[in-house]
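Student: Dropping in coords.pdb, with PDB, C-alpha atoms.
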```pdb
MODEL        1
ATOM      1  CA  MET U   1      52.970 -71.031-118.593
ATOM      2  CA  ARG U   2      49.541 -70.340-120.118
ATOM      3  CA  TYR U   3      46.317 -71.013-118.301
ATOM      4  CA  LEU U   4      42.828 -71.516-119.699
ATOM      5  CA  LEU U   5      40.570 -68.495-119.189
ATOM      6  CA  ARG U   6      37.421 -69.300-117.258
ATOM      7  CA  ILE U   7      33.918 -68.194-118.313
ATOM      8  CA  ASN U   8      31.516 -70.792-116.916
ATOM      9  CA  ILE U   9      33.501 -72.851-114.454
ATOM     10  CA  LYS U  10      31.082 -75.659-113.677
ATOM     11  CA  LEU U  11      29.923 -76.230-117.259
ATOM     12  CA  MET U  12      33.396 -76.181-118.771
ATOM     13  CA  TYR U  13      34.808 -78.315-115.942
ATOM     14  CA  ARG U  14      32.216 -81.032-116.583
ATOM     15  CA  ILE U  15      32.887 -80.966-120.329
ATOM     16  CA  LEU U  16      36.632 -81.155-119.732
ATOM     17  CA  ILE U  17      36.413 -84.096-117.337
ATOM     18  CA  TYR U  18      34.123 -85.887-119.783
ATOM     19  CA  LEU U  19      36.612 -85.486-122.628
ATOM     20  CA  ILE U  20      39.601 -86.518-120.524
ATOM     21  CA  ILE U  21      37.929 -89.712-119.339
ATOM     22  CA  VAL U  22      36.767 -90.588-122.851
ATOM     23  CA  PHE U  23      40.350 -90.363-124.011
ATOM     24  CA  ALA U  24      41.862 -92.102-120.976
ATOM     25  CA  CYS U  25      39.511 -95.072-120.923
ATOM     26  CA  ASP U  26      39.788 -95.642-124.692
ATOM     27  CA  VAL U  27      36.400 -97.306-125.082
ATOM     28  CA  GLN U  28      34.013 -97.126-127.990
ATOM     29  CA  ALA U  29      30.626 -97.126-126.279
ATOM     30  CA  GLN U  30      30.585 -93.636-124.843
ATOM     31  CA  GLU U  31      26.905 -92.834-125.267
ATOM     32  CA  LYS U  32      26.065 -93.606-121.639
ATOM     33  CA  LEU U  33      26.911 -91.144-118.872
ATOM     34  CA  ASN U  34      27.272 -92.536-115.353
ATOM     35  CA  ILE U  35      26.719 -89.749-112.831
ATOM     36  CA  PHE U  36      27.779 -90.304-109.234
ATOM     37  CA  HIS U  37      27.244 -88.211-106.109
ATOM     38  CA  VAL U  38      29.815 -88.431-103.306
ATOM     39  CA  VAL U  39      27.919 -87.810-100.066
ATOM     40  CA  ASP U  40      28.262 -88.084 -96.296
ATOM     41  CA  SER U  41      26.877 -91.440 -95.160
ATOM     42  CA  ILE U  42      24.897 -89.860 -92.285
ATOM     43  CA  SER U  43      23.814 -86.401 -93.425
ATOM     44  CA  LYS U  44      23.645 -87.323 -97.146
ATOM     45  CA  LYS U  45      25.164 -83.915 -97.917
ATOM     46  CA  PRO U  46      27.527 -83.714-100.919
ATOM     47  CA  ILE U  47      31.253 -83.802-100.218
ATOM     48  CA  ARG U  48      33.251 -81.109-101.971
ATOM     49  CA  SER U  49      36.801 -81.714-103.239
ATOM     50  CA  ALA U  50      36.670 -85.474-102.740
ATOM     51  CA  SER U  51      39.523 -87.137-104.620
ATOM     52  CA  VAL U  52      38.404 -89.623-107.317
ATOM     53  CA  THR U  53      41.168 -91.732-108.854
ATOM     54  CA  LEU U  54      41.087 -94.258-111.710
ATOM     55  CA  ILE U  55      44.195 -96.366-111.128
ATOM     56  CA  ARG U  56      44.718 -97.960-114.541
ATOM     57  CA  ALA U  57      43.848 -94.812-116.464
ATOM     58  CA  LYS U  58      46.164 -92.818-114.136
ATOM     59  CA  LEU U  59      43.501 -90.159-113.853
ATOM     60  CA  SER U  60      42.638 -88.142-110.767
ATOM     61  CA  MET U  61      39.922 -85.509-110.347
ATOM     62  CA  SER U  62      38.125 -83.686-107.538
ATOM     63  CA  THR U  63      34.425 -83.184-106.976
ATOM     64  CA  GLU U  64      32.996 -79.666-106.784
ATOM     65  CA  SER U  65      30.486 -78.361-104.243
ATOM     66  CA  ASP U  66      27.738 -80.682-105.533
ATOM     67  CA  GLY U  67      29.891 -83.797-104.967
ATOM     68  CA  ILE U  68      29.341 -84.985-108.558
ATOM     69  CA  PHE U  69      31.700 -86.812-110.882
ATOM     70  CA  ILE U  70      30.933 -88.448-114.236
ATOM     71  CA  ILE U  71      32.319 -91.563-115.911
ATOM     72  CA  PRO U  72      31.128 -92.202-119.493
ATOM     73  CA  GLY U  73      30.649 -95.586-121.158
ATOM     74  CA  ASN U  74      29.536 -99.061-120.216
ATOM     75  CA  LEU U  75      31.040 -99.599-116.781
ATOM     76  CA  LYS U  76      30.739-103.380-117.120
ATOM     77  CA  LEU U  77      33.364-103.252-119.874
ATOM     78  CA  LEU U  78      35.806-100.948-118.136
ATOM     79  CA  LYS U  79      38.634-102.764-116.377
ATOM     80  CA  ASP U  80      39.881-100.358-113.771
ATOM     81  CA  SER U  81      39.846 -99.682-110.032
ATOM     82  CA  VAL U  82      38.423 -96.590-108.348
ATOM     83  CA  ILE U  83      39.581 -94.951-105.109
ATOM     84  CA  ILE U  84      37.468 -92.180-103.584
ATOM     85  CA  TYR U  85      38.638 -90.276-100.532
ATOM     86  CA  SER U  86      38.023 -87.066 -98.638
ATOM     87  CA  GLN U  87      39.736 -85.749 -95.523
ATOM     88  CA  GLY U  88      38.076 -87.013 -92.375
ATOM     89  CA  TYR U  89      36.399 -89.946 -94.128
ATOM     90  CA  GLY U  90      37.235 -93.572 -94.745
ATOM     91  CA  VAL U  91      38.551 -94.662 -98.150
ATOM     92  CA  PHE U  92      36.114 -96.107-100.705
ATOM     93  CA  LYS U  93      37.769 -98.546-103.122
ATOM     94  CA  THR U  94      36.155-100.872-105.656
ATOM     95  CA  LEU U  95      36.339-102.188-109.208
ATOM     96  CA  LEU U  96      34.849 -99.846-111.766
ATOM     97  CA  ASN U  97      32.522-102.508-113.179
ATOM     98  CA  ARG U  98      30.935-102.947-109.740
ATOM     99  CA  MET U  99      29.733 -99.338-109.827
ATOM    100  CA  ASP U 100      27.338-100.037-112.678
ATOM    101  CA  GLY U 101      23.855 -98.985-111.565
ATOM    102  CA  MET U 102      25.066 -96.962-108.570
ATOM    103  CA  ASP U 103      24.216 -93.282-108.261
ATOM    104  CA  SER U 104      25.772 -92.284-104.954
ATOM    105  CA  ILE U 105      28.952 -93.066-103.042
ATOM    106  CA  LYS U 106      28.536 -92.809 -99.275
ATOM    107  CA  LEU U 107      31.676 -92.015 -97.307
ATOM    108  CA  ALA U 108      31.739 -92.666 -93.566
ATOM    109  CA  LYS U 109      33.376 -90.187 -91.213
ATOM    110  CA  GLN U 110      36.347 -91.385 -89.207
ATOM    111  CA  GLN U 111      36.497 -90.395 -85.569
ATOM    112  CA  PHE U 112      39.882 -90.033 -83.940
ATOM    113  CA  LYS U 113      41.140 -88.225 -80.885
ATOM    114  CA  LEU U 114      44.354 -86.283 -80.608
ATOM    115  CA  ASP U 115      46.175 -86.073 -77.295
ATOM    116  CA  ALA U 116      46.841 -82.563 -75.971
ATOM    117  CA  ILE U 117      50.386 -81.539 -75.096
ATOM    118  CA  ASP U 118      51.313 -79.146 -72.285
ATOM    119  CA  LEU U 119      53.585 -76.461 -73.721
ATOM    120  CA  THR U 120      53.942 -74.166 -70.719
ATOM    121  CA  GLY U 121      56.819 -71.731 -71.233
ATOM    122  CA  LYS U 122      57.125 -72.592 -74.922
ATOM    123  CA  GLN U 123      59.476 -70.901 -77.380
ATOM    124  CA  GLU U 124      59.212 -70.341 -81.131
ATOM    125  CA  SER U 125      61.329 -72.278 -83.635
ATOM    126  CA  ILE U 126      61.467 -71.803 -87.427
ATOM    127  CA  LEU U 127      61.989 -75.047 -89.339
ATOM    128  CA  ASN U 128      63.214 -75.257 -92.942
ATOM    129  CA  PRO U 129      63.324 -71.475 -93.598
ATOM    130  CA  PHE U 130      63.794 -70.026 -97.078
ATOM    131  CA  LYS U 131      63.921 -66.714 -98.923
ATOM    132  CA  VAL U 132      61.406 -66.228-101.722
ATOM    133  CA  LYS U 133      63.977 -64.822-104.163
ATOM    134  CA  ASP U 134      66.227 -67.863-103.693
ATOM    135  CA  VAL U 135      63.612 -70.383-104.883
ATOM    136  CA  ASP U 136      63.680 -70.825-108.666
ATOM    137  CA  ARG U 137      62.758 -74.500-109.107
ATOM    138  CA  PHE U 138      59.252 -75.908-108.827
ATOM    139  CA  THR U 139      57.525 -79.266-108.820
ATOM    140  CA  GLY U 140      53.960 -80.268-109.617
ATOM    141  CA  ILE U 141      54.273 -79.681-113.367
ATOM    142  CA  ASN U 142      54.443 -82.354-116.064
ATOM    143  CA  THR U 143      57.927 -82.569-117.571
ATOM    144  CA  THR U 144      59.255 -83.896-120.864
ATOM    145  CA  THR U 145      60.039 -87.256-119.260
ATOM    146  CA  THR U 146      57.737 -87.663-116.264
ATOM    147  CA  PRO U 147      54.060 -86.801-115.735
ATOM    148  CA  PHE U 148      53.192 -85.493-112.274
ATOM    149  CA  GLU U 149      50.861 -88.219-110.974
ATOM    150  CA  TYR U 150      50.593 -87.550-107.248
ATOM    151  CA  LEU U 151      47.819 -86.557-104.871
ATOM    152  CA  GLN U 152      50.008 -84.945-102.206
ATOM    153  CA  LEU U 153      53.617 -83.937-101.579
ATOM    154  CA  ALA U 154      54.858 -83.739 -97.999
ATOM    155  CA  GLN U 155      57.862 -82.090 -96.359
ATOM    156  CA  GLN U 156      59.331 -83.815 -93.315
ATOM    157  CA  PHE U 157      60.404 -81.729 -90.310
ATOM    158  CA  TYR U 158      62.519 -82.639 -87.295
ATOM    159  CA  LEU U 159      62.395 -81.393 -83.701
ATOM    160  CA  ILE U 160      65.180 -81.347 -81.141
ATOM    161  CA  LYS U 161      62.868 -83.018 -78.626
ATOM    162  CA  PRO U 162      59.345 -84.483 -78.728
ATOM    163  CA  GLY U 163      56.253 -82.335 -78.358
ATOM    164  CA  ALA U 164      55.390 -79.109 -80.183
ATOM    165  CA  GLN U 165      52.494 -77.066 -81.523
ATOM    166  CA  ILE U 166      52.487 -75.934 -85.154
ATOM    167  CA  THR U 167      51.460 -72.272 -85.319
ATOM    168  CA  LYS U 168      52.247 -71.076 -88.851
ATOM    169  CA  VAL U 169      53.063 -72.460 -92.305
ATOM    170  CA  LYS U 170      54.749 -70.689 -95.226
ATOM    171  CA  ILE U 171      54.728 -72.097 -98.760
ATOM    172  CA  ARG U 172      56.549 -70.839-101.861
ATOM    173  CA  ARG U 173      54.648 -71.493-105.061
ATOM    174  CA  LEU U 174      54.992 -70.539-108.723
ATOM    175  CA  ALA U 175      53.148 -67.291-109.460
ATOM    176  CA  PHE U 176      53.794 -64.413-111.799
ATOM    177  CA  SER U 177      53.894 -60.807-110.628
ATOM    178  CA  ASN U 178      53.272 -57.516-112.456
ATOM    179  CA  ILE U 179      50.423 -58.912-114.557
ATOM    180  CA  ASP U 180      47.744 -56.610-115.929
ATOM    181  CA  TYR U 181      44.492 -58.361-115.021
ATOM    182  CA  SER U 182      42.275 -55.828-116.844
ATOM    183  CA  ASN U 183      42.314 -57.840-120.091
ATOM    184  CA  ILE U 184      41.792 -61.246-118.460
ATOM    185  CA  VAL U 185      38.281 -62.706-118.629
ATOM    186  CA  SER U 186      38.531 -64.452-115.259
ATOM    187  CA  TYR U 187      38.213 -62.036-112.361
ATOM    188  CA  LYS U 188      40.506 -64.299-110.340
ATOM    189  CA  GLY U 189      43.458 -64.058-112.699
ATOM    190  CA  ILE U 190      45.649 -66.731-114.242
ATOM    191  CA  ASP U 191      47.406 -67.676-110.992
ATOM    192  CA  TYR U 192      44.387 -68.126-108.735
ATOM    193  CA  VAL U 193      44.716 -71.316-106.709
ATOM    194  CA  GLN U 194      42.882 -73.388-104.127
ATOM    195  CA  PHE U 195      44.573 -76.239-102.283
ATOM    196  CA  ARG U 196      44.642 -77.928 -98.904
ATOM    197  CA  ILE U 197      47.450 -78.532 -96.442
ATOM    198  CA  ARG U 198      47.568 -81.664 -94.324
ATOM    199  CA  PHE U 199      49.487 -82.468 -91.149
ATOM    200  CA  TYR U 200      50.849 -85.907 -90.245
ATOM    201  CA  ALA U 201      52.840 -87.441 -87.430
ATOM    202  CA  ALA U 202      55.711 -89.723 -88.385
ATOM    203  CA  ASP U 203      54.623 -93.327 -88.843
ATOM    204  CA  SER U 204      55.703 -95.398 -85.837
ATOM    205  CA  LEU U 205      56.185 -98.603 -87.861
ATOM    206  CA  LYS U 206      57.845 -97.447 -91.072
ATOM    207  CA  PRO U 207      59.376 -94.311 -92.595
ATOM    208  CA  GLY U 208      56.997 -91.708 -93.930
ATOM    209  CA  PRO U 209      53.786 -89.933 -92.873
ATOM    210  CA  GLY U 210      51.499 -91.704 -90.393
ATOM    211  CA  ARG U 211      48.292 -90.572 -88.691
ATOM    212  CA  GLU U 212      46.857 -87.118 -89.181
ATOM    213  CA  ILE U 213      47.351 -84.623 -86.374
ATOM    214  CA  CYS U 214      44.800 -82.047 -87.559
ATOM    215  CA  THR U 215      41.084 -82.847 -87.511
ATOM    216  CA  GLU U 216      40.050 -79.707 -89.430
ATOM    217  CA  ILE U 217      40.167 -79.023 -93.174
ATOM    218  CA  VAL U 218      42.750 -76.314 -93.842
ATOM    219  CA  GLU U 219      42.046 -74.993 -97.331
ATOM    220  CA  LEU U 220      43.924 -72.050 -98.800
ATOM    221  CA  SER U 221      43.132 -69.775-101.710
ATOM    222  CA  ASP U 222      45.329 -67.113-103.250
ATOM    223  CA  ARG U 223      45.380 -64.929-106.326
ATOM    224  CA  ASP U 224      48.988 -64.276-107.280
ATOM    225  CA  ASN U 225      51.271 -64.257-104.227
ATOM    226  CA  GLN U 226      54.518 -66.163-104.553
ATOM    227  CA  GLN U 227      54.558 -66.934-100.841
ATOM    228  CA  ILE U 228      51.434 -68.053 -99.023
ATOM    229  CA  SER U 229      51.421 -67.793 -95.232
ATOM    230  CA  VAL U 230      48.734 -69.232 -92.985
ATOM    231  CA  ASP U 231      48.267 -68.999 -89.231
ATOM    232  CA  VAL U 232      47.184 -72.428 -87.939
ATOM    233  CA  GLU U 233      47.449 -71.779 -84.204
ATOM    234  CA  LYS U 234      43.647 -71.954 -83.815
ATOM    235  CA  TYR U 235      43.660 -75.600 -84.973
ATOM    236  CA  HIS U 236      45.815 -76.685 -82.014
ATOM    237  CA  ILE U 237      47.969 -78.996 -84.131
ATOM    238  CA  MET U 238      50.120 -80.942 -81.682
ATOM    239  CA  VAL U 239      53.162 -82.973 -82.689
ATOM    240  CA  PRO U 240      53.570 -85.985 -80.377
ATOM    241  CA  GLY U 241      57.080 -87.049 -81.423
ATOM    242  CA  LYS U 242      60.295 -85.590 -82.817
ATOM    243  CA  SER U 243      59.215 -85.575 -86.492
ATOM    244  CA  PHE U 244      56.161 -84.530 -88.491
ATOM    245  CA  PHE U 245      55.022 -83.794 -92.048
ATOM    246  CA  ILE U 246      53.195 -80.930 -93.748
ATOM    247  CA  ALA U 247      51.669 -81.868 -97.102
ATOM    248  CA  VAL U 248      50.144 -79.995-100.018
ATOM    249  CA  GLU U 249      47.003 -81.684-101.336
ATOM    250  CA  TRP U 250      46.003 -80.803-104.900
ATOM    251  CA  ILE U 251      42.353 -80.060-105.690
ATOM    252  CA  LYS U 252      42.149 -81.218-109.288
ATOM    253  CA  ASP U 253      39.218 -79.248-110.632
ATOM    254  CA  PHE U 254      38.707 -76.616-113.310
ATOM    255  CA  VAL U 255      39.561 -73.709-111.002
ATOM    256  CA  ASN U 256      43.111 -75.029-110.521
ATOM    257  CA  GLN U 257      43.677 -76.269-114.046
ATOM    258  CA  GLY U 258      46.349 -74.885-116.318
ATOM    259  CA  PHE U 259      48.549 -75.952-119.199
ATOM    260  CA  SER U 260      52.260 -76.241-119.834
ATOM    261  CA  ASN U 261      54.150 -76.929-123.035
ATOM    262  CA  VAL U 262      55.893 -80.313-123.054
ATOM    263  CA  PHE U 263      58.362 -81.371-125.736
ATOM    264  CA  ASP U 264      57.314 -84.597-127.496
ATOM    265  CA  ARG U 265      60.445 -86.544-128.463
ATOM    266  CA  LYS U 266      58.518 -88.655-130.983
ATOM    267  CA  THR U 267      57.166 -85.749-133.016
ATOM    268  CA  TYR U 268      59.871 -83.222-132.068
ATOM    269  CA  SER U 269      57.208 -80.669-131.270
ATOM    270  CA  LEU U 270      55.653 -78.925-128.280
ATOM    271  CA  LYS U 271      52.388 -80.267-126.930
ATOM    272  CA  GLN U 272      50.119 -78.825-124.300
ATOM    273  CA  SER U 273      49.933 -80.819-121.072
ATOM    274  CA  VAL U 274      47.271 -80.397-118.378
ATOM    275  CA  ASN U 275      48.574 -79.310-114.972
ATOM    276  CA  PHE U 276      46.907 -78.376-111.728
ATOM    277  CA  ARG U 277      48.092 -75.506-109.562
ATOM    278  CA  PRO U 278      49.958 -74.967-107.317
ATOM    279  CA  ALA U 279      53.509 -75.678-108.415
ATOM    280  CA  ILE U 280      55.544 -75.931-105.182
ATOM    281  CA  GLY U 281      59.053 -74.592-104.770
ATOM    282  CA  ILE U 282      62.113 -76.817-104.368
ATOM    283  CA  LEU U 283      64.907 -75.563-102.139
ATOM    284  CA  ASN U 284      68.510 -75.524-103.283
ATOM    285  CA  LYS U 285      69.525 -78.045-100.609
ATOM    286  CA  ARG U 286      71.660 -81.107-101.154
ATOM    287  CA  GLY U 287      72.458 -84.005 -98.895
ATOM    288  CA  ASN U 288      71.939 -87.640 -98.036
ATOM    289  CA  GLN U 289      68.663 -87.039 -96.164
ATOM    290  CA  LEU U 290      65.659 -86.871 -98.494
ATOM    291  CA  ASN U 291      62.808 -85.019 -96.781
ATOM    292  CA  ILE U 292      60.161 -85.047 -99.550
ATOM    293  CA  TRP U 293      57.429 -87.718 -99.651
ATOM    294  CA  SER U 294      54.741 -88.298-102.263
ATOM    295  CA  LEU U 295      51.276 -89.853-102.076
ATOM    296  CA  ASN U 296      50.676 -91.761-105.312
ATOM    297  CA  LEU U 297      47.369 -92.580-106.997
ATOM    298  CA  LYS U 298      47.132 -95.831-105.015
ATOM    299  CA  ARG U 299      47.324 -93.720-101.834
ATOM    300  CA  GLN U 300      50.763 -95.079-100.925
ATOM    301  CA  TRP U 301      53.415 -92.823 -99.387
ATOM    302  CA  LYS U 302      56.777 -93.106-101.161
ATOM    303  CA  PRO U 303      59.998 -91.045-101.057
ATOM    304  CA  PHE U 304      59.907 -88.409-103.808
ATOM    305  CA  THR U 305      63.192 -89.262-105.492
ATOM    306  CA  TYR U 306      62.796 -87.275-108.725
ATOM    307  CA  TYR U 307      65.255 -84.560-107.648
ATOM    308  CA  ALA U 308      67.457 -86.645-105.331
ATOM    309  CA  PRO U 309      70.236 -86.364-104.319
ATOM    310  CA  TYR U 310      70.553 -82.778-105.522
ATOM    311  CA  PHE U 311      67.399 -81.227-104.055
ATOM    312  CA  THR U 312      66.048 -82.738-100.872
ATOM    313  CA  ASP U 313      63.459 -80.273 -99.490
ATOM    314  CA  LEU U 314      60.266 -78.473-100.483
ATOM    315  CA  ALA U 315      59.886 -74.736 -99.976
ATOM    316  CA  ILE U 316      57.640 -75.219 -96.962
ATOM    317  CA  THR U 317      58.462 -73.601 -93.629
ATOM    318  CA  ALA U 318      56.918 -74.612 -90.307
ATOM    319  CA  ILE U 319      56.889 -72.371 -87.252
ATOM    320  CA  VAL U 320      56.385 -74.293 -84.028
ATOM    321  CA  MET U 321      56.141 -73.562 -80.319
ATOM    322  CA  GLN U 322      58.104 -75.877 -78.040
ATOM    323  CA  GLU U 323      59.275 -75.965 -74.446
TER     324      GLU U 323
ENDMDL
END
```
Before anything else, please render the file you have as structure tokens.
Tutor:
Amino acid sequence: MRYLLRINIKLMYRILIYLIIVFACDVQAQEKLNIFHVVDSISKKPIRSASVTLIRAKLSMSTESDGIFIIPGNLKLLKDSVIIYSQGYGVFKTLLNRMDGMDSIKLAKQQFKLDAIDLTGKQESILNPFKVKDVDRFTGINTTTTPFEYLQLAQQFYLIKPGAQITKVKIRRLAFSNIDYSNIVSYKGIDYVQFRIRFYAADSLKPGPGREICTEIVELSDRDNQQISVDVEKYHIMVPGKSFFIAVEWIKDFVNQGFSNVFDRKTYSLKQSVNFRPAIGILNKRGNQLNIWSLNLKRQWKPFTYYAPYFTDLAITAIVMQE
């Protein structure tokens, strides 16, 4: 896989997003630039890494530290819906043509309380373990038949009995070792990645992820490690029931952007396709129980059936403390 070398991240990111949207929206009047700031409704501070999704165009991007995103063209003529979301805030959803004349999107914080669990005399359990060398399949990359159009992928875990605290998470991702970084323009290297992990209880009304069980943003960055481990004990993430989910949330900005070659069946040639790191490992597990869930661009949780029934689990391990 080849990745674009980075010289001026912010400038090139803005240019890239502009070009992608021009192509995706397929409109002629592109002379107007509509600049929006995603901000906190109370403090008015910009919100970094807010997810901005155009449903019809099937385009998703993330804001940088200034909270800005740009949509070119006459918004009154663009027939699409926009969903804007950031962790800890309510969802903003509207028709694109209703954003004409707006310059800021105010997101309101959501307040929720998590019940503490007494884990006196707790013991450690390792859920869904894997060995790095045994993982050789990855998801999160556009394929010859299916584009990867998801905001999050989640692994479901099961406990013997209700009540646990999540203390550590391990994730296998696609990264290349033994690379000489001396000739690479970017000081971060071609495998540098930033992403967030999210924690959900099982939904009490239907299958799939339900309410969040972590109030803090857990954002990870890594240069070229194939396995990323993070200690989350300080967040006091309590599981109320017998099942929970750990999800990878993609930050779709220039820092995480890369390219892969996809075979075009119409032209019988290879074409470059935009991808966003990380690519997450798939375990060599088979069975009737599918444990992978995906959050689509409409923010709906659905079973991730692309690999079923052959591969049923992500390469995500959870270490929990339980009585």
Student: Can you translate the PyMOL selection byres ((chain U and resi 232-245) around 9) into the concrete residues it hits in this file, as an MDAnalysis selection string?
Tutor: chainID U and resid 114:117 154:169 198:203 208:210 213:216 218 230:231 246:247 293
Student: Step by step, work through what the PyMOL selection byres ((chain U and resi 65) around 7) selects in the shown file, and finish by giving those residues as a PDB file with C-alpha atoms, keeping the file's coordinate frame.
Tutor:
```pdb
ATOM      1  CA  PRO U  46      27.527 -83.714-100.919  1.00  0.00           C
ATOM      2  CA  ILE U  47      31.253 -83.802-100.218  1.00  0.00           C
ATOM      3  CA  ARG U  48      33.251 -81.109-101.971  1.00  0.00           C
ATOM      4  CA  THR U  63      34.425 -83.184-106.976  1.00  0.00           C
ATOM      5  CA  GLU U  64      32.996 -79.666-106.784  1.00  0.00           C
ATOM      6  CA  ASP U  66      27.738 -80.682-105.533  1.00  0.00           C
ATOM      7  CA  GLY U  67      29.891 -83.797-104.967  1.00  0.00           C
TER       8      GLY U  67
END
```
Student: CA of Asp253 in chain U and CA of Gln227 in chain U are how many Å apart?
Tutor: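 One can read the CA of Asp253 in chain U to CA of Gln227 in chain U distance as 22.0 Å.
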Student: What's around Met102 in chain U at 9 Å? Count all atoms listed in the file, leave out sequence neighbours fewer than 2 positions away in its own chain, and write the answer as a list in words.
Tutor: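 Here the answer would be Asn34, Ile35, Phe36, Arg98, Met99, Asp100, Ser104 and Ile105 of chain U.
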Student: I need the chosen residues saved as a PDB file, in the frame of the given file, with C-alpha atoms.
Tutor:
```pdb
ATOM      1  CA  ASN U  34      27.272 -92.536-115.353  1.00  0.00           C
ATOM      2  CA  ILE U  35      26.719 -89.749-112.831  1.00  0.00           C
ATOM      3  CA  PHE U  36      27.779 -90.304-109.234  1.00  0.00           C
ATOM      4  CA  ARG U  98      30.935-102.947-109.740  1.00  0.00           C
ATOM      5  CA  MET U  99      29.733 -99.338-109.827  1.00  0.00           C
ATOM      6  CA  ASP U 100      27.338-100.037-112.678  1.00  0.00           C
ATOM      7  CA  SER U 104      25.772 -92.284-104.954  1.00  0.00           C
ATOM      8  CA  ILE U 105      28.952 -93.066-103.042  1.00  0.00           C
TER       9      ILE U 105
END
```
Student: Tell me which of U:Glu149, U:Asp264, U:Glu323, U:Asp224 sits closest to Ser294 in chain U, counting only C-alpha atoms.
Tutor: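 Result for the nearest residue to Ser294 in chain U: U:Glu149.
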Student: Between CA of Val132 in chain U and CA of Pro303 in chain U, what is the distance in Å, rounded to a tenth?
Tutor: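 CA of Pro303 in chain U lies at a distance of 24.9 Å from CA of Val132 in chain U.
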